[in-house]
Number of protein chains: 2
Amino acid sequence: MKPTIYDVAKKAGVSIATVSKVINNTGRISEKTRKKIWALMEEMEYQPSVVASALTGKSTYTIGLLIPDLANPFFSEIARSIEDRGHSLGYNIVICSTDYDPEKEAKYTSLLKQKSVDGIILASGFENHKSAKELIRQNFPIAVVAREIPSLEVDTVSIDNFLGGYQGASHLIGLGHKRIAIIARDVWSNRERIRGYKQALEEANLEFDTQMEFVKDSAVESGKELAGKLLDSSAPPSAIFACNDSLAIGVIQAARQRGLTVPKNLSVLGFDDTIWAKISDPPLTTIAQPIREMGYGVMDLLIQEIKGQKHVKQRLILLPKLVERETTLAYTGE
Amino acid sequence: MKPTIYDVAKKAGVSIATVSKVINNTGRISEKTRKKIWALMEEMEYQPSVVASALTGKSTYTIGLLIPDLANPFFSEIARSIEDRGHSLGYNIVICSTDYDPEKEAKYTSLLKQKSVDGIILASGFENHKSAKELIRQNFPIAVVAREIPSLEVDTVSIDNFLGGYQGASHLIGLGHKRIAIIARDVWSNRERIRGYKQALEEANLEFDTQMEFVKDSAVESGKELAGKLLDSSAPPSAIFACNDSLAIGVIQAARQRGLTVPKNLSVLGFDDTIWAKISDPPLTTIAQPIREMGYGVMDLLIQEIKGQKHVKQRLILLPKLVERETTLAYTGE
DNA sequence: ATGAAAGCGCTAACAC
DNA sequence: GTGTTAGCGCTTTCAT
């Protein structure tokens, strides 16, 4: 059997209180007994049970992460950075993939609460805020990342999506493109990006497709398909702005399929700057989200919240940044 | 405050034992009180504390997953499938990224034990088996996936790497290639794959590079670099077999950089069949590991172990399979 | 069919 | 400095 605090106390000839005190470095214990007990714990391979300690009201040092899909590099990179930060702060992460399904989110949050996690990070991208609201109502520590819930009073770290859209479109405009298409999935962040894009086009007196069609998911295939339609139309764009890197890769494939060379015949711009942008061929010019900082940021916010070191909720808005690689080029047509 | 079992017992006018029984569906409770208590729990938003229940010796229904790096698609896909399977079996996963670092692995296993996880899955790819040995010695439920530890008595699911290497080389040989290079990181699974590859070459009376150089990590860049060297040599290969998809993508890039078209001027073959193989351009011919089945497999093995439903350890060896896409072609040179 | 009570491993007053 | 003890929320005999 695993040794308990009683076992080490008995062996050390002291009370469990004393052992508890040396474990937690509290109270006044003589250097001598302290050392003796440490040695004993080592020898007996004693590990304090966080379950028991949690029952007395202390932390479990584990936090839940609700994320749509680890297969999406943006999310796996976010998860990784959250885990890293958590680890260095002494927390473990339990991962819950929601697949953009509000029901799964609800189920997981319930489970996580039963397990007494110290807090929950929501990275799920869908539009239903039921779980978040619920958690807030119950005063459960949460923080959200890469997703905005304008109507909720909650710690959040996200990027300025409007600016990202604006930057992207401006870059393309600066390159002389006149027909700039945008492809995106219909979610909040993308609608913001599209707003930014439209703003930039308007300022440049350029037209945009008022009939723009959304893509049903972020799969490469979907990007390829929609880009294909665009390229096959009577007035194909000379640049396509994809609202994430996967979609952008699909665009490149659609172009290549039609004998077009990127960026010579078509400029393509991505969003996120995940690893996919780097392994893309040619390497993708993209609007970078500071993924690492975002992960660190939410974790820090949540921990502060948990520890009660902070009494006013915050929204941390990081700024996206254009990363020029090799898929955009000055327009030379006509 | 969160309601406890006492709160609902009091409100229901029964003892906590009764409530406990309806929660767990044990003992004999009249339909009437059963219903009343369920209703009450609903109304009070009561959630049993798994921490408290764990303290009485029951499961925590959480299992730890040690994995090198979520940024590697093979591992994030494995993680995803493990999580899926766990979820449907009622388990949560706490993710621990080890970065191939034995010390991190040791630290995490210790932490996980303190948290009383029900079991641990090891997917870490490095060569040090200290943690695994330790865990086994302590009789802690573990299972390993995508990694073999020939000397250890432990539940394992992996693939036949030798066969994978053999299949890959055979495919290339069948296409008429005579100069077939292989690039890999120096780890156990790859050494097996290389054995298979050599075997195939030998059977076909083909030579292989006895001076073959290993790559230092699985990054695309490393693959590109080494492939570059190979292609620039005096007797460049007409086909390159990369021991994972990332490396293969690097190979394609190296080829493209030199004006070679894949597969026309160079066949390239990957390994794993992660999503990268599908988004690669052209789509990568690769040796597929049945990732989903592997994840499901370990999870099942581990759960059986935990529940004591199984008294003999197993090794489940799944077979890899060639997936032909568009990066390999019959040799037409000379 | 239901309840009393002991115990799971630990923390935190409080006493000595 | 160290020990005693009452919980923490739940499960589980064993009575009734």
# chains A, B, ... in the order shown; residues from 1 in each chain; ligands from 1

call {"tool": "interface_residues", "arguments": {"of": "chain B", "to": "chain C", "cutoff": "7 Å", "atoms": "only C-alpha atoms (C1' of nucleotides)", "output": "list in words"}}
result
Ser15, Thr18, Arg28, Ile29, Ser30, Leu55, Thr56 and Gly57 of chain B

call {"tool": "interface_residues", "arguments": {"of": "chain A", "to": "chain D", "cutoff": "12 Å", "atoms": "only C-alpha atoms (C1' of nucleotides)", "output": "list in words"}}
result
Ala9, Gly13, Val14, Ser15, Ile16, Ala17, Thr18, Val19, Ser20, Lys21, Val22, Gly27, Arg28, Ile29, Ser30, Glu31, Lys32, Thr33, Arg34, Val51, Ala52, Ser53, Ala54, Leu55, Thr56, Gly57, Lys58 and Gln114 of chain A

call {"tool": "select_by_dssp", "arguments": {"residues": "range 67-241 of chain A", "states": "alpha helix (DSSP H)", "output": "ChimeraX atom specification"}}
result
/A:73-88,102-114,130-137,161-174,188-203,220-232

call {"tool": "write_last_selection", "arguments": {"atoms": "C-alpha atoms", "output": "PDB file, in the first residue's frame"}}
result
ATOM      1  CA  PRO A  73      -2.862  23.535 -35.273  1.00  0.00           C
ATOM      2  CA  PHE A  74      -4.024  26.840 -33.906  1.00  0.00           C
ATOM      3  CA  PHE A  75      -5.697  25.095 -31.028  1.00  0.00           C
ATOM      4  CA  SER A  76      -3.002  22.560 -30.403  1.00  0.00           C
ATOM      5  CA  GLU A  77      -0.491  25.385 -30.246  1.00  0.00           C
ATOM      6  CA  ILE A  78      -2.705  27.325 -27.852  1.00  0.00           C
ATOM      7  CA  ALA A  79      -3.110  24.202 -25.757  1.00  0.00           C
ATOM      8  CA  ARG A  80       0.593  23.669 -25.711  1.00  0.00           C
ATOM      9  CA  SER A  81       1.331  27.175 -24.519  1.00  0.00           C
ATOM     10  CA  ILE A  82      -1.345  26.987 -21.851  1.00  0.00           C
ATOM     11  CA  GLU A  83       0.044  23.728 -20.640  1.00  0.00           C
ATOM     12  CA  ASP A  84       3.550  25.122 -20.550  1.00  0.00           C
ATOM     13  CA  ARG A  85       2.547  28.092 -18.518  1.00  0.00           C
ATOM     14  CA  GLY A  86       0.432  25.979 -16.261  1.00  0.00           C
ATOM     15  CA  HIS A  87       3.249  23.602 -15.703  1.00  0.00           C
ATOM     16  CA  SER A  88       5.659  26.260 -14.631  1.00  0.00           C
ATOM     17  CA  PRO A 102     -22.184  23.116 -27.075  1.00  0.00           C
ATOM     18  CA  GLU A 103     -23.485  19.942 -25.514  1.00  0.00           C
ATOM     19  CA  LYS A 104     -20.048  18.503 -25.130  1.00  0.00           C
ATOM     20  CA  GLU A 105     -18.970  21.764 -23.607  1.00  0.00           C
ATOM     21  CA  ALA A 106     -21.783  21.590 -21.095  1.00  0.00           C
ATOM     22  CA  LYS A 107     -21.027  18.007 -20.251  1.00  0.00           C
ATOM     23  CA  TYR A 108     -17.352  18.688 -19.778  1.00  0.00           C
ATOM     24  CA  THR A 109     -17.816  21.727 -17.604  1.00  0.00           C
ATOM     25  CA  SER A 110     -20.070  19.726 -15.358  1.00  0.00           C
ATOM     26  CA  LEU A 111     -17.549  16.923 -15.142  1.00  0.00           C
ATOM     27  CA  LEU A 112     -14.719  19.306 -14.452  1.00  0.00           C
ATOM     28  CA  LYS A 113     -16.602  20.890 -11.610  1.00  0.00           C
ATOM     29  CA  GLN A 114     -17.279  17.511 -10.070  1.00  0.00           C
ATOM     30  CA  LYS A 130     -24.503  28.923 -22.179  1.00  0.00           C
ATOM     31  CA  SER A 131     -21.743  27.118 -20.350  1.00  0.00           C
ATOM     32  CA  ALA A 132     -19.775  30.282 -19.866  1.00  0.00           C
ATOM     33  CA  LYS A 133     -22.770  32.084 -18.462  1.00  0.00           C
ATOM     34  CA  GLU A 134     -23.549  29.178 -16.201  1.00  0.00           C
ATOM     35  CA  LEU A 135     -20.021  29.079 -14.850  1.00  0.00           C
ATOM     36  CA  ILE A 136     -20.020  32.791 -14.237  1.00  0.00           C
ATOM     37  CA  ARG A 137     -23.326  32.642 -12.449  1.00  0.00           C
ATOM     38  CA  ASN A 161      -9.586  40.793 -35.181  1.00  0.00           C
ATOM     39  CA  PHE A 162     -10.794  43.934 -36.840  1.00  0.00           C
ATOM     40  CA  LEU A 163      -7.254  45.206 -37.008  1.00  0.00           C
ATOM     41  CA  GLY A 164      -6.065  41.869 -38.352  1.00  0.00           C
ATOM     42  CA  GLY A 165      -8.561  42.054 -41.182  1.00  0.00           C
ATOM     43  CA  TYR A 166      -7.596  45.611 -41.850  1.00  0.00           C
ATOM     44  CA  GLN A 167      -3.884  44.834 -41.880  1.00  0.00           C
ATOM     45  CA  GLY A 168      -4.367  41.936 -44.225  1.00  0.00           C
ATOM     46  CA  ALA A 169      -6.445  43.829 -46.717  1.00  0.00           C
ATOM     47  CA  SER A 170      -4.136  46.842 -46.504  1.00  0.00           C
ATOM     48  CA  HIS A 171      -1.144  44.712 -47.288  1.00  0.00           C
ATOM     49  CA  LEU A 172      -2.827  43.349 -50.383  1.00  0.00           C
ATOM     50  CA  ILE A 173      -4.037  46.781 -51.412  1.00  0.00           C
ATOM     51  CA  GLY A 174      -0.571  48.186 -50.949  1.00  0.00           C
ATOM     52  CA  TRP A 188     -17.630  36.046 -34.579  1.00  0.00           C
ATOM     53  CA  SER A 189     -13.898  36.544 -34.948  1.00  0.00           C
ATOM     54  CA  ASN A 190     -14.117  36.231 -38.692  1.00  0.00           C
ATOM     55  CA  ARG A 191     -16.963  38.655 -38.963  1.00  0.00           C
ATOM     56  CA  GLU A 192     -14.699  41.129 -37.213  1.00  0.00           C
ATOM     57  CA  ARG A 193     -11.882  40.371 -39.575  1.00  0.00           C
ATOM     58  CA  ILE A 194     -14.200  40.890 -42.499  1.00  0.00           C
ATOM     59  CA  ARG A 195     -15.255  44.225 -41.078  1.00  0.00           C
ATOM     60  CA  GLY A 196     -11.617  45.264 -40.980  1.00  0.00           C
ATOM     61  CA  TYR A 197     -11.112  44.030 -44.496  1.00  0.00           C
ATOM     62  CA  LYS A 198     -14.097  45.944 -45.779  1.00  0.00           C
ATOM     63  CA  GLN A 199     -12.969  49.057 -44.032  1.00  0.00           C
ATOM     64  CA  ALA A 200      -9.607  48.875 -45.752  1.00  0.00           C
ATOM     65  CA  LEU A 201     -11.215  48.281 -49.135  1.00  0.00           C
ATOM     66  CA  GLU A 202     -13.597  51.138 -48.663  1.00  0.00           C
ATOM     67  CA  GLU A 203     -10.829  53.502 -47.742  1.00  0.00           C
ATOM     68  CA  VAL A 220      -8.198  22.622 -46.205  1.00  0.00           C
ATOM     69  CA  GLU A 221     -10.652  21.011 -48.571  1.00  0.00           C
ATOM     70  CA  SER A 222     -13.268  23.644 -47.913  1.00  0.00           C
ATOM     71  CA  GLY A 223     -10.823  26.409 -48.659  1.00  0.00           C
ATOM     72  CA  LYS A 224      -9.796  24.682 -51.836  1.00  0.00           C
ATOM     73  CA  GLU A 225     -13.362  24.319 -52.945  1.00  0.00           C
ATOM     74  CA  LEU A 226     -14.443  27.864 -52.359  1.00  0.00           C
ATOM     75  CA  ALA A 227     -11.229  29.286 -53.779  1.00  0.00           C
ATOM     76  CA  GLY A 228     -11.850  27.132 -56.811  1.00  0.00           C
ATOM     77  CA  LYS A 229     -15.232  28.722 -57.337  1.00  0.00           C
ATOM     78  CA  LEU A 230     -13.738  32.158 -56.992  1.00  0.00           C
ATOM     79  CA  LEU A 231     -10.941  31.432 -59.422  1.00  0.00           C
ATOM     80  CA  ASP A 232     -13.295  29.936 -61.956  1.00  0.00           C
TER      81      ASP A 232
END

call {"tool": "closest_atom_pairs", "arguments": {"of": "chain B", "to": "chain A", "cutoff": "6 Å", "atoms": "only C-alpha atoms", "output": "tab-separated table"}}
result
residue	atom	partner	partner_atom	distance
B:Gln47	CA	A:Gln114	CA	6.0
B:Ser49	CA	A:Gln114	CA	5.1
B:Val50	CA	A:Lys115	CA	5.2
B:Val51	CA	A:Val51	CA	5.7
B:Ile93	CA	A:Val94	CA	5.5
B:Val94	CA	A:Val94	CA	4.0
B:Gln114	CA	A:Ser49	CA	5.1
B:Lys115	CA	A:Val50	CA	5.3

call {"tool": "write_last_selection", "arguments": {"atoms": "all heavy atoms", "output": "short mmCIF file (atom, residue, chain, number, x, y, z; two decimals), in the first residue's frame"}}
result
data_model
loop_
_atom_site.label_atom_id
_atom_site.label_comp_id
_atom_site.auth_asym_id
_atom_site.auth_seq_id
_atom_site.Cartn_x
_atom_site.Cartn_y
_atom_site.Cartn_z
N GLN B 47 -23.83 18.46 -7.26
CA GLN B 47 -22.89 17.64 -8.02
C GLN B 47 -22.03 16.88 -7.02
O GLN B 47 -21.31 17.51 -6.25
CB GLN B 47 -21.95 18.50 -8.83
CG GLN B 47 -22.58 19.63 -9.60
CD GLN B 47 -22.55 19.36 -11.07
OE1 GLN B 47 -23.51 18.87 -11.62
NE2 GLN B 47 -21.43 19.67 -11.69
N SER B 49 -19.00 15.26 -5.27
CA SER B 49 -17.58 15.59 -5.37
C SER B 49 -16.77 14.34 -5.63
O SER B 49 -16.73 13.42 -4.81
CB SER B 49 -17.13 16.22 -4.05
OG SER B 49 -15.75 16.01 -3.87
N VAL B 50 -16.12 14.30 -6.80
CA VAL B 50 -15.33 13.10 -7.04
C VAL B 50 -14.09 13.10 -6.16
O VAL B 50 -13.53 12.05 -5.89
CB VAL B 50 -14.97 12.86 -8.54
CG1 VAL B 50 -15.81 13.69 -9.45
CG2 VAL B 50 -13.51 12.96 -8.80
N VAL B 51 -13.71 14.25 -5.68
CA VAL B 51 -12.57 14.30 -4.77
C VAL B 51 -12.90 13.53 -3.51
O VAL B 51 -12.13 12.66 -3.07
CB VAL B 51 -12.22 15.77 -4.42
CG1 VAL B 51 -11.30 15.81 -3.22
CG2 VAL B 51 -11.56 16.44 -5.61
N ILE B 93 -8.67 13.23 -19.46
CA ILE B 93 -7.24 13.07 -19.72
C ILE B 93 -6.48 14.29 -19.25
O ILE B 93 -6.85 15.41 -19.60
CB ILE B 93 -7.00 12.96 -21.24
CG1 ILE B 93 -7.89 11.89 -21.86
CG2 ILE B 93 -5.53 12.69 -21.52
CD1 ILE B 93 -7.68 10.54 -21.30
N VAL B 94 -5.45 14.09 -18.47
CA VAL B 94 -4.58 15.24 -18.23
C VAL B 94 -3.33 15.07 -19.06
O VAL B 94 -2.67 14.05 -19.05
CB VAL B 94 -4.33 15.56 -16.73
CG1 VAL B 94 -4.93 14.54 -15.81
CG2 VAL B 94 -2.89 15.82 -16.46
N GLN B 114 0.47 11.79 -7.32
CA GLN B 114 -0.04 12.56 -6.18
C GLN B 114 -1.50 12.93 -6.39
O GLN B 114 -2.26 13.07 -5.45
CB GLN B 114 0.76 13.84 -5.99
CG GLN B 114 2.19 13.59 -5.58
CD GLN B 114 2.92 14.87 -5.25
OE1 GLN B 114 2.34 15.84 -4.81
NE2 GLN B 114 4.21 14.89 -5.47
N LYS B 115 -1.85 13.11 -7.63
CA LYS B 115 -3.22 13.48 -7.93
C LYS B 115 -4.13 12.27 -8.05
O LYS B 115 -5.29 12.39 -8.41
CB LYS B 115 -3.26 14.32 -9.20
CG LYS B 115 -2.51 15.62 -9.03
CD LYS B 115 -2.87 16.67 -10.04
CE LYS B 115 -2.13 17.96 -9.71
NZ LYS B 115 -2.30 19.00 -10.73
#

call {"tool": "closest_residue", "arguments": {"among": "A:Glu127, A:Gly259, A:Ile159, A:Asn25", "to": "Ile317 in chain A", "atoms": "only C-alpha atoms"}}
result
A:Ile159

call {"tool": "residues_around", "arguments": {"residues": "range 304-313 of chain A", "least_positions_apart": "6", "cutoff": "8 Å", "atoms": "only C-alpha atoms (C1' of nucleotides)", "output": "ChimeraX atom specification"}}
result
/A:118-119,141,153-155

call {"tool": "write_last_selection", "arguments": {"atoms": "N, CA, C and O atoms", "output": "mmCIF file, in the first residue's frame"}}
result
data_model
loop_
_atom_site.group_PDB
_atom_site.id
_atom_site.type_symbol
_atom_site.label_atom_id
_atom_site.label_comp_id
_atom_site.auth_asym_id
_atom_site.auth_seq_id
_atom_site.Cartn_x
_atom_site.Cartn_y
_atom_site.Cartn_z
ATOM 1 N N ASP A 118 -9.522 23.749 -10.387
ATOM 2 C CA ASP A 118 -9.479 25.082 -9.800
ATOM 3 C C ASP A 118 -10.071 26.147 -10.706
ATOM 4 O O ASP A 118 -10.451 27.220 -10.243
ATOM 5 N N GLY A 119 -10.116 25.836 -11.984
ATOM 6 C CA GLY A 119 -10.642 26.817 -12.919
ATOM 7 C C GLY A 119 -10.756 26.200 -14.299
ATOM 8 O O GLY A 119 -10.296 25.088 -14.527
ATOM 9 N N PRO A 141 -14.266 30.093 -11.305
ATOM 10 C CA PRO A 141 -13.183 30.790 -12.007
ATOM 11 C C PRO A 141 -13.034 30.324 -13.454
ATOM 12 O O PRO A 141 -12.748 29.161 -13.701
ATOM 13 N N GLU A 153 -19.008 39.377 -18.494
ATOM 14 C CA GLU A 153 -17.987 39.922 -17.634
ATOM 15 C C GLU A 153 -17.034 38.792 -17.270
ATOM 16 O O GLU A 153 -17.251 38.056 -16.312
ATOM 17 N N VAL A 154 -16.008 38.674 -18.058
ATOM 18 C CA VAL A 154 -15.116 37.526 -17.862
ATOM 19 C C VAL A 154 -13.704 37.861 -18.337
ATOM 20 O O VAL A 154 -13.529 38.635 -19.286
ATOM 21 N N ASP A 155 -12.728 37.307 -17.657
ATOM 22 C CA ASP A 155 -11.345 37.514 -18.081
ATOM 23 C C ASP A 155 -11.150 36.917 -19.466
ATOM 24 O O ASP A 155 -11.522 35.775 -19.720
#

call {"tool": "atom_distance", "arguments": {"atom1": "CA of Asn265 in chain B", "atom2": "CA of Thr332 in chain B"}}
result
8.7 Å

call {"tool": "select_by_dssp", "arguments": {"residues": "range 41-148 of chain B", "states": "strand (DSSP E or B)", "output": "VMD selection string"}}
result
chain B and resid 62 to 67 92 to 97 119 to 122 142 to 145

call {"tool": "write_last_selection", "arguments": {"atoms": "N, CA and C atoms", "output": "CSV table (one decimal), in the first residue's frame"}}
result
chain,number,residue,atom,x,y,z
B,62,THR,N,-9.7,9.8,-14.0
B,62,THR,CA,-8.9,10.7,-14.9
B,62,THR,C,-7.6,9.9,-15.1
B,63,ILE,N,-7.1,10.0,-16.3
B,63,ILE,CA,-5.9,9.3,-16.6
B,63,ILE,C,-4.9,10.3,-17.2
B,64,GLY,N,-3.6,10.1,-16.9
B,64,GLY,CA,-2.6,11.0,-17.4
B,64,GLY,C,-2.0,10.5,-18.7
B,65,LEU,N,-1.7,11.5,-19.6
B,65,LEU,CA,-1.1,11.1,-20.9
B,65,LEU,C,0.2,11.8,-21.0
B,66,LEU,N,1.3,11.1,-21.1
B,66,LEU,CA,2.6,11.7,-21.3
B,66,LEU,C,3.0,11.6,-22.8
B,67,ILE,N,3.2,12.7,-23.3
B,67,ILE,CA,3.3,12.8,-24.8
B,67,ILE,C,4.4,13.8,-25.1
B,92,ASN,N,-11.4,11.4,-18.0
B,92,ASN,CA,-10.8,12.6,-18.5
B,92,ASN,C,-9.3,12.4,-18.6
B,93,ILE,N,-8.7,13.2,-19.5
B,93,ILE,CA,-7.2,13.1,-19.7
B,93,ILE,C,-6.5,14.3,-19.2
B,94,VAL,N,-5.5,14.1,-18.5
B,94,VAL,CA,-4.6,15.2,-18.2
B,94,VAL,C,-3.3,15.1,-19.1
B,95,ILE,N,-3.1,16.1,-19.8
B,95,ILE,CA,-2.0,16.1,-20.8
B,95,ILE,C,-0.7,16.6,-20.3
B,96,CYS,N,0.3,15.9,-20.5
B,96,CYS,CA,1.6,16.3,-20.1
B,96,CYS,C,2.6,16.3,-21.2
B,97,SER,N,3.1,17.4,-21.7
B,97,SER,CA,4.0,17.4,-22.8
B,97,SER,C,5.4,17.3,-22.2
B,119,GLY,N,-4.6,5.9,-13.9
B,119,GLY,CA,-3.5,5.2,-14.7
B,119,GLY,C,-2.8,6.2,-15.6
B,120,ILE,N,-1.8,5.8,-16.2
B,120,ILE,CA,-1.0,6.7,-17.1
B,120,ILE,C,-0.7,6.0,-18.4
B,121,ILE,N,-0.8,6.8,-19.4
B,121,ILE,CA,-0.4,6.3,-20.8
B,121,ILE,C,0.9,7.0,-21.2
B,122,LEU,N,1.8,6.2,-21.6
B,122,LEU,CA,3.1,6.8,-22.0
B,122,LEU,C,3.2,6.8,-23.5
B,142,ILE,N,-0.2,1.3,-16.0
B,142,ILE,CA,0.3,2.1,-17.1
B,142,ILE,C,0.1,1.3,-18.4
B,143,ALA,N,0.1,2.0,-19.5
B,143,ALA,CA,0.1,1.4,-20.8
B,143,ALA,C,1.0,2.3,-21.7
B,144,VAL,N,1.6,1.7,-22.7
B,144,VAL,CA,2.4,2.5,-23.6
B,144,VAL,C,1.9,2.4,-25.0
B,145,VAL,N,2.1,3.5,-25.7
B,145,VAL,CA,1.6,3.5,-27.1
B,145,VAL,C,2.7,4.1,-28.0
